[in-house]
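Right, one structure below, let's go through it.
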Amino acid sequence: MDKRSKIILGLFLAVLIGIIVTEIVRPKPLNWRPSYTSSDKIPFGCYILFNELPNLFPGQKIHATNESLYNILVARDTTSASNYLLINDFLDLDKQEANQLLQYVHAGNDSFIAASNFGTYLADTLNIEVETQYSVKEDTVLIDLTNNSFSKQNYSLTRGIYSTYFSSVDTLNTSVLGHISYDSEKGLIPSESSKKTKSPNFVKVKFGKGNFYLNTTPQTFTNYYMLKGNKDYVANTFSYLKDMDVYWDNYKKTGRIVIDSPMRFILNQVSLKWAYYLSMVGLIIFIIFKAKREQRIIPVITPLENSSIEFAKTVGGLYYEHRDYTDLIVKKINYFLEQIRSNYHLNTEAINEKTARDLAVRSDKPLSEVKDLLDMIVHLKNKKHHSEQDVIQLNKKLNQFKK
């Protein structure tokens, strides 16, 4: 490698290393996707809130559930009351889940739900309606609590939030616990004369012996706003719940990790999962020991192909296309005479009567047949132009002699 090539190669490697180092040391971009899971530390995860639950509910058990609330509520201990927390950007309960949650609250338990939509079944039963005001540009909204025991502070929400509020509630069973203030005329171009509109965003709905606490701003309970000074709002909001055991739902989450494998059912069942793992380990052990006892596979060697026939066909086709009968006859005669010299040790410089007799004796062929063949060879050697018929007759004579 010359000096110039070494310089180019060195520059290329330096640039490549520089790119790799830059990618390694570059800060990872912030993930703003909504998650609401207890393990996510991204802005819209709920890692901080989940870890603060023991302080918000001192002395109570915190149950993190990774199954559908239907399974949890059916299997729970009905002799003790509890709180069920559901926080997500959108809550969609099917009919069975909604009915089970309604029975749970009706029996004297409480459920806290923070979502921008509460699903059809639950909303219809509680007689509530939710509206969201979407705008092209993000706007700052303010939330507050109505209880006089709390400070009359407005908590601002500036990112990742729309103006979601209760447009209709059952006034007989519902108490308004908080409001959201937003610009009702907010659009692409803000108006200077626009005013803040105040609507309920946090309500208490009495249902049977228990209560539903519904909040339309789930973003408030995420890591981002907990660190932005809204922790007092969260603490005051959860103060409405009784000091009972808490079920934290980790199933109805936007950021929940879902196993898409066809083995999902087996891996979710403890007994089937261990049976699957043991089977795989046993199969691997069997393959390892079985392979040692088997003879090494003998490779298949493909025999060499006999290409003489193909070569003869190729040469024959070449002569046939060019119609050069004279050259073909000369080569066949020369080849035959060479065989006579090699096999019968006869001199073929002069073909005469003696040559015919000696060849007939040594080849054990009739003299007449040998004389006819040699006469034809002499005749064809003396002939200047040959035809296709000459080639055919010579070939027949030669084949008959070789039999």
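Residue numbering restarts at 1 for every chain of the structure tokens, chains are lettered A, B, ... in their displayed order, and ligands are numbered from 1 as they appear.
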Val391 (chain A) surroundings by only C-alpha atoms, 12 Å radius, close-in-sequence under 6 positions cut, as a PyMOL selection string: chain A and resi 319-320+323-333+376-377+380+385+397-398
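The protein and nucleic acid residues lying at most 10 Å from Val176 (chain A) are A:Leu145, A:Thr146, A:Asn147, A:Phe166, A:Val169, A:Thr171, A:Ser199, A:Pro200, A:Asn201, A:Phe202, A:Val203, A:Lys204, A:Val205, A:Tyr213, A:Leu214, with only C-alpha atoms considered and sequence neighbours fewer than 5 positions away removed.
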Could the residues of region 9-65 of chain A that have an atom at most 12 Å from region 231-246 of chain A be listed as CSV, each with its closest atom pair and the distance in Å to one decimal, counting only C-alpha atoms and ordered by chain and ascending residue number?
residue,atom,partner,partner_atom,distance
A:Cys46,CA,A:Val234,CA,12.0
A:Ile48,CA,A:Lys231,CA,10.0
A:Leu49,CA,A:Val234,CA,8.6
A:Phe50,CA,A:Val246,CA,10.7
A:Glu52,CA,A:Ala235,CA,9.6
A:Leu53,CA,A:Val246,CA,8.5
A:Pro54,CA,A:Val246,CA,9.4
A:Asn55,CA,A:Ala235,CA,9.7
A:Leu56,CA,A:Ala235,CA,6.9
A:Phe57,CA,A:Asp243,CA,5.9
A:Pro58,CA,A:Asp243,CA,7.7
A:Gly59,CA,A:Asp243,CA,8.4
A:Gln60,CA,A:Asp245,CA,4.9
A:Lys61,CA,A:Asp245,CA,4.9
A:Ile62,CA,A:Val246,CA,4.9
A:His63,CA,A:Val246,CA,6.1
A:Ala64,CA,A:Val246,CA,8.5
A:Thr65,CA,A:Val246,CA,10.3
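Among A:Gly282, A:Pro29, A:Gly45, A:Gly255, the residue with the shortest atom-to-atom distance to Tyr225 (chain A), counting only C-alpha atoms, is A:Gly45.
Ranking A:Gly229, A:Arg26, A:Val141, A:Gly178 by their shortest atom-to-atom distance to Lys196 (chain A), with only C-alpha atoms included, puts A:Val141 first.
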Counting only C-alpha atoms, the residue of A:Asn99, A:Asn109, A:Asn230, A:Asn127 that sits nearest Tyr155 (chain A): A:Asn230
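When DSSP reads the backbone of this structure, the residues of region 230-400 of chain A it assigns to strand (DSSP E or B) are Asp245, Val246, Tyr247, Trp248 and Asp249 of chain A.
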Surrounding residues of Asn223 (chain A) excluding itself and chain neighbours under 4 positions, 9 Å, only C-alpha atoms, as a PyMOL selection string: chain A and resi 36+40-49+219+227-228
Contact residues around Leu373 (chain A) with only C-alpha atoms at 12 Å, ignoring same-chain residues under 4 positions, as a list in words: Ile333, Phe336, Leu337, Ile351, Asn352, Thr355, Ala356, Leu359, Ala360, Lys365, Pro366, Leu367, Ser368, Glu369, Ile377, Val378, His379, Leu380, Gln393, Leu394, Asn395, Lys396, Lys397, Leu398, Asn399, Gln400, Phe401 and Lys402 of chain A
Let me see the file: selected residues, C-alpha atoms, as a PDB file, in the first residue's frame.
ATOM      1  CA  ILE A 333      -9.343 -42.034 -42.051  1.00  0.00           C
ATOM      2  CA  PHE A 336      -8.618 -45.393 -38.297  1.00  0.00           C
ATOM      3  CA  LEU A 337      -5.120 -45.811 -39.680  1.00  0.00           C
ATOM      4  CA  ILE A 351      -1.990 -49.569 -48.508  1.00  0.00           C
ATOM      5  CA  ASN A 352      -1.842 -52.595 -50.884  1.00  0.00           C
ATOM      6  CA  THR A 355      -1.769 -54.730 -46.048  1.00  0.00           C
ATOM      7  CA  ALA A 356      -5.259 -56.135 -46.609  1.00  0.00           C
ATOM      8  CA  LEU A 359      -5.038 -56.820 -41.432  1.00  0.00           C
ATOM      9  CA  ALA A 360      -7.588 -59.568 -42.163  1.00  0.00           C
ATOM     10  CA  LYS A 365     -12.141 -60.322 -40.340  1.00  0.00           C
ATOM     11  CA  PRO A 366     -13.062 -61.653 -43.809  1.00  0.00           C
ATOM     12  CA  LEU A 367     -10.541 -60.634 -46.462  1.00  0.00           C
ATOM     13  CA  SER A 368     -13.246 -59.368 -48.766  1.00  0.00           C
ATOM     14  CA  GLU A 369     -14.606 -57.039 -46.079  1.00  0.00           C
ATOM     15  CA  ILE A 377     -10.135 -45.440 -47.971  1.00  0.00           C
ATOM     16  CA  VAL A 378      -7.734 -45.266 -50.926  1.00  0.00           C
ATOM     17  CA  HIS A 379     -10.513 -44.013 -53.185  1.00  0.00           C
ATOM     18  CA  LEU A 380     -11.580 -41.287 -50.755  1.00  0.00           C
ATOM     19  CA  GLN A 393     -20.706 -44.966 -46.397  1.00  0.00           C
ATOM     20  CA  LEU A 394     -17.276 -44.601 -44.757  1.00  0.00           C
ATOM     21  CA  ASN A 395     -18.854 -44.467 -41.313  1.00  0.00           C
ATOM     22  CA  LYS A 396     -20.854 -47.638 -41.994  1.00  0.00           C
ATOM     23  CA  LYS A 397     -17.735 -49.497 -43.174  1.00  0.00           C
ATOM     24  CA  LEU A 398     -15.740 -48.426 -40.142  1.00  0.00           C
ATOM     25  CA  ASN A 399     -18.508 -49.366 -37.683  1.00  0.00           C
ATOM     26  CA  GLN A 400     -18.896 -52.768 -39.338  1.00  0.00           C
ATOM     27  CA  PHE A 401     -15.129 -53.404 -39.047  1.00  0.00           C
ATOM     28  CA  LYS A 402     -15.085 -52.442 -35.354  1.00  0.00           C
TER      29      LYS A 402
END
Residue among A:Thr254, A:Gly210, A:Gly317, A:Ile20 lying closest to Leu101 (chain A), counting only C-alpha atoms: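 Selected residue with least distance to Leu101 (chain A): A:Gly210.
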Straight-line distance linking CA of Thr22 (chain A) with CA of Ser5 (chain A), stated in Å to one decimal: 25.8 Å
